[in-house]
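Scroll down for the structure; my scribbles are underneath it.
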Amino acid sequence: MIRSRSIRAPLALLAALASACAGGSDAPVADLVLTNGKVVTVDDARPEAEAIAVAGDRIVAVGTVAEIEAYIGESTTVIDLGGKLAIPGFIEGHGHFMGLGRAKMILDLTRARSWEEIVAMVAEAAKAAGPGEWILGRGWHQEKWDHVPADAVDGVPVHRSLSAVSPNNPVYLMHASGHAAFANAKALELAGITRATRDPAGGTIVRDARGEPTGLLREKAQGLVDAAIAEAESRSTEEATAQMRRMVELAGEDLLSKGVTSFHDAGTSFATVDFYERLAQEGALPVRLYVMVRASNDELAEKLPRYRKIGVGGGYLTVRSIKRQIDGALGPHGAWLLEPYADLPTTSGLALEPPEDIARTAELAMQHGYQLNTHAIGDRANREVLDIYERLLRSAPKGADPRWRIEHAQHVDPADVARFAELGVIASMQGIHATSDGPWVAKRLGEERARKTSYLWRAFTDAGVVVTNGTDVPVEDVDPIASYYATVSRRLNDGSVFLPEQRLSRLEALKTYTINNAYAAFEEEEKGSLTPGKLADIVVLSKDILTVPEEEIPTARVIYTIIGGKVKYRAEEAEP
Ligand SMILES: [Zn+2]
């Protein structure tokens, strides 16, 4: 419950006097007070409290209800937490901010249980869409539906109902398999598909008994609509910018509703950094961004000196790191391994970007004072990156604080774990990847190697390596609670526990999502714990994820998301 205090003048005077006494001679009147809660600060100096006082965008005090009462004045907004848990705002340690926004612009049809449900989703999207804007979706599968409409052709509906809810916006919905797609009347028209259109080679325009296209396009017939979409996307700069702003809004809504207050954006062009900077100056960035730039070495050499920025727009945009990628992913046998794949012994994977090229980036990073963050999944990839880092880090100038990172650090030879610690290299990991990949990792690596080298959260933590947490959104949902749950439980959908010896404790896992991510961005003095003087980035949850029975953790919801002392998200249940 939020309430604004309106105290009559004499009382206000008393309150001011009381605050001057109780809170010390210069206790300021707080703009915001959260009280009557369980505050877990992630600050070892005072791990737990009941209330927080905020003035401007900073925390001014953390203490008992009585201690913080002293900061409440006439103008203070007071939120009664009703015993709920307040923690530092979650920091997403590795995600793709614009990718999240883009994914939100495409309808996710994977969970639809009927055609009618899909039509309703499109109707909703059509209401929000601009004139003529394409409505895209993916992931539908008729086998997942509980029934198919009576007028279906080949077991798939016809476009009539879809065209009725979106007469002016073209709609294009890709099948889960990728081998077919569904278009409405407007999309067929823009693609020039009529009853007279011949099937292209290798594709089928599915038709009804009268010869009219039903909307379903199989295989190469999809290319006719793809061409129309490509045409639509070659639009003006203003339109492109408007669309990017929409992506930012959509990403922001998702992040704020899930308690994310800062976001490490893993691989951004300089042009997008320019866009972010405009938004930061306008106050239009929904969460704080820590950006890793991605470009060729030539472009880096030219632009790095001008692009190092810290805390633009009131702490909303920082650029001081570079993203590289040495290998691919384990699923498609793209991770670079020390030994061949167990299920594909002809390969050990390979380098995606040449190590010499990454070594050149490392020199540029050191020269210009940038952090270097390199994606490495396989144990060979991790070793190669450590080798490159070691050469540069050993010769770093005295007093340098490089904090270079390996992104994912997913499969690491046990002999290399200590090297992370020695070199001060951060393991930038994603808790949710362990449980998403769990069902098939042993197939790729064999049981023994999977156990020894994979998702070594406990081994890294015990070795003194800073381990961060995140989701690699849009690869995974950005929900920090789901990734936190995976980090502490390692529980798979089938109920089994994947490599339980590598689990972290709940407090350790909370640190990976807060103070460790802050450290990994050189921001541990600014955020990552609820400490007086730091930014007031705070999340309130419906359940105490540090103490509830483990299986209840995923059901915790975000009640408030607060950034810089401003309530940016409030769940419906928070309203009085
Ligand atoms: Zn990524």
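The chains in the structure tokens are called A, B, ... from first to last as shown; in each chain the residues are counted from 1, and the ligands are counted from 1 in the order shown.
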
Problem set entry | Spatial neighbours of A:Tyr455, max dist 8 Å, only C-alpha atoms, sep filter under 6 positions, as a PyMOL selection string | chain A and resi 409-411+434+502

Problem set entry | All residues having an atom within 9 Å of ligand 1 (only C-alpha atoms and all ligand atoms) as a PyMOL selection string | chain A and resi 94-96+265-267+375+407-408+471-475

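If only C-alpha atoms are the atoms counted, then among A:Pro332, A:Glu277, A:Leu492, A:Val412 the closest residue to A:Leu344 is A:Pro332.
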
For A:Arg383, find every residue with an atom within 8 Å (counting only C-alpha atoms), except residues of its own chain fewer than 3 positions away, and show them as a CSV table (one decimal) with N, CA and C atoms, in the first residue's frame.
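The resulting file, selection08.csv, is reproduced below:
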chain,number,residue,atom,x,y,z
A,379,ASP,N,35.2,-25.8,-23.2
A,379,ASP,CA,36.3,-25.7,-22.4
A,379,ASP,C,37.6,-25.3,-23.1
A,380,ARG,N,37.7,-25.6,-24.4
A,380,ARG,CA,38.8,-25.1,-25.2
A,380,ARG,C,38.6,-23.6,-25.4
A,386,LEU,N,41.3,-17.3,-21.8
A,386,LEU,CA,42.1,-17.1,-20.6
A,386,LEU,C,43.6,-16.8,-21.1
A,387,ASP,N,44.0,-17.6,-22.1
A,387,ASP,CA,45.4,-17.4,-22.6
A,387,ASP,C,45.6,-16.0,-23.1
A,412,VAL,N,34.1,-25.6,-18.4
A,412,VAL,CA,35.5,-25.1,-18.1
A,412,VAL,C,36.3,-26.3,-17.5
A,413,ASP,N,37.4,-26.5,-18.0
A,413,ASP,CA,38.3,-27.6,-17.5
A,413,ASP,C,38.6,-27.2,-16.0
A,416,ASP,N,41.3,-24.9,-15.1
A,416,ASP,CA,41.3,-23.5,-15.5
A,416,ASP,C,40.5,-22.7,-14.5

For this session: Select from stretch 89-209 of chain A everything DSSP, run on the backbone, classes as strand (DSSP E or B), then give the selection as a VMD selection string.
Result: chain A and resid 90 to 95 106 to 108 135 to 140 153 156 171 to 175 180 to 183 203 to 207

Problem set entry | Surrounding residues of A:Val119 excluding itself and chain neighbours under 4 positions, 8 Å, only C-alpha atoms, as a list in words | Trp115, Ala123, Ser161, Leu162 and Val165 of chain A

For this session: Please identify which residues in stretch 11-171 of chain A DSSP calls alpha helix (DSSP H) from the backbone, and express them as a VMD selection string.
Result: chain A and resid 11 to 22 65 to 69 97 to 105 115 to 128 160 to 165
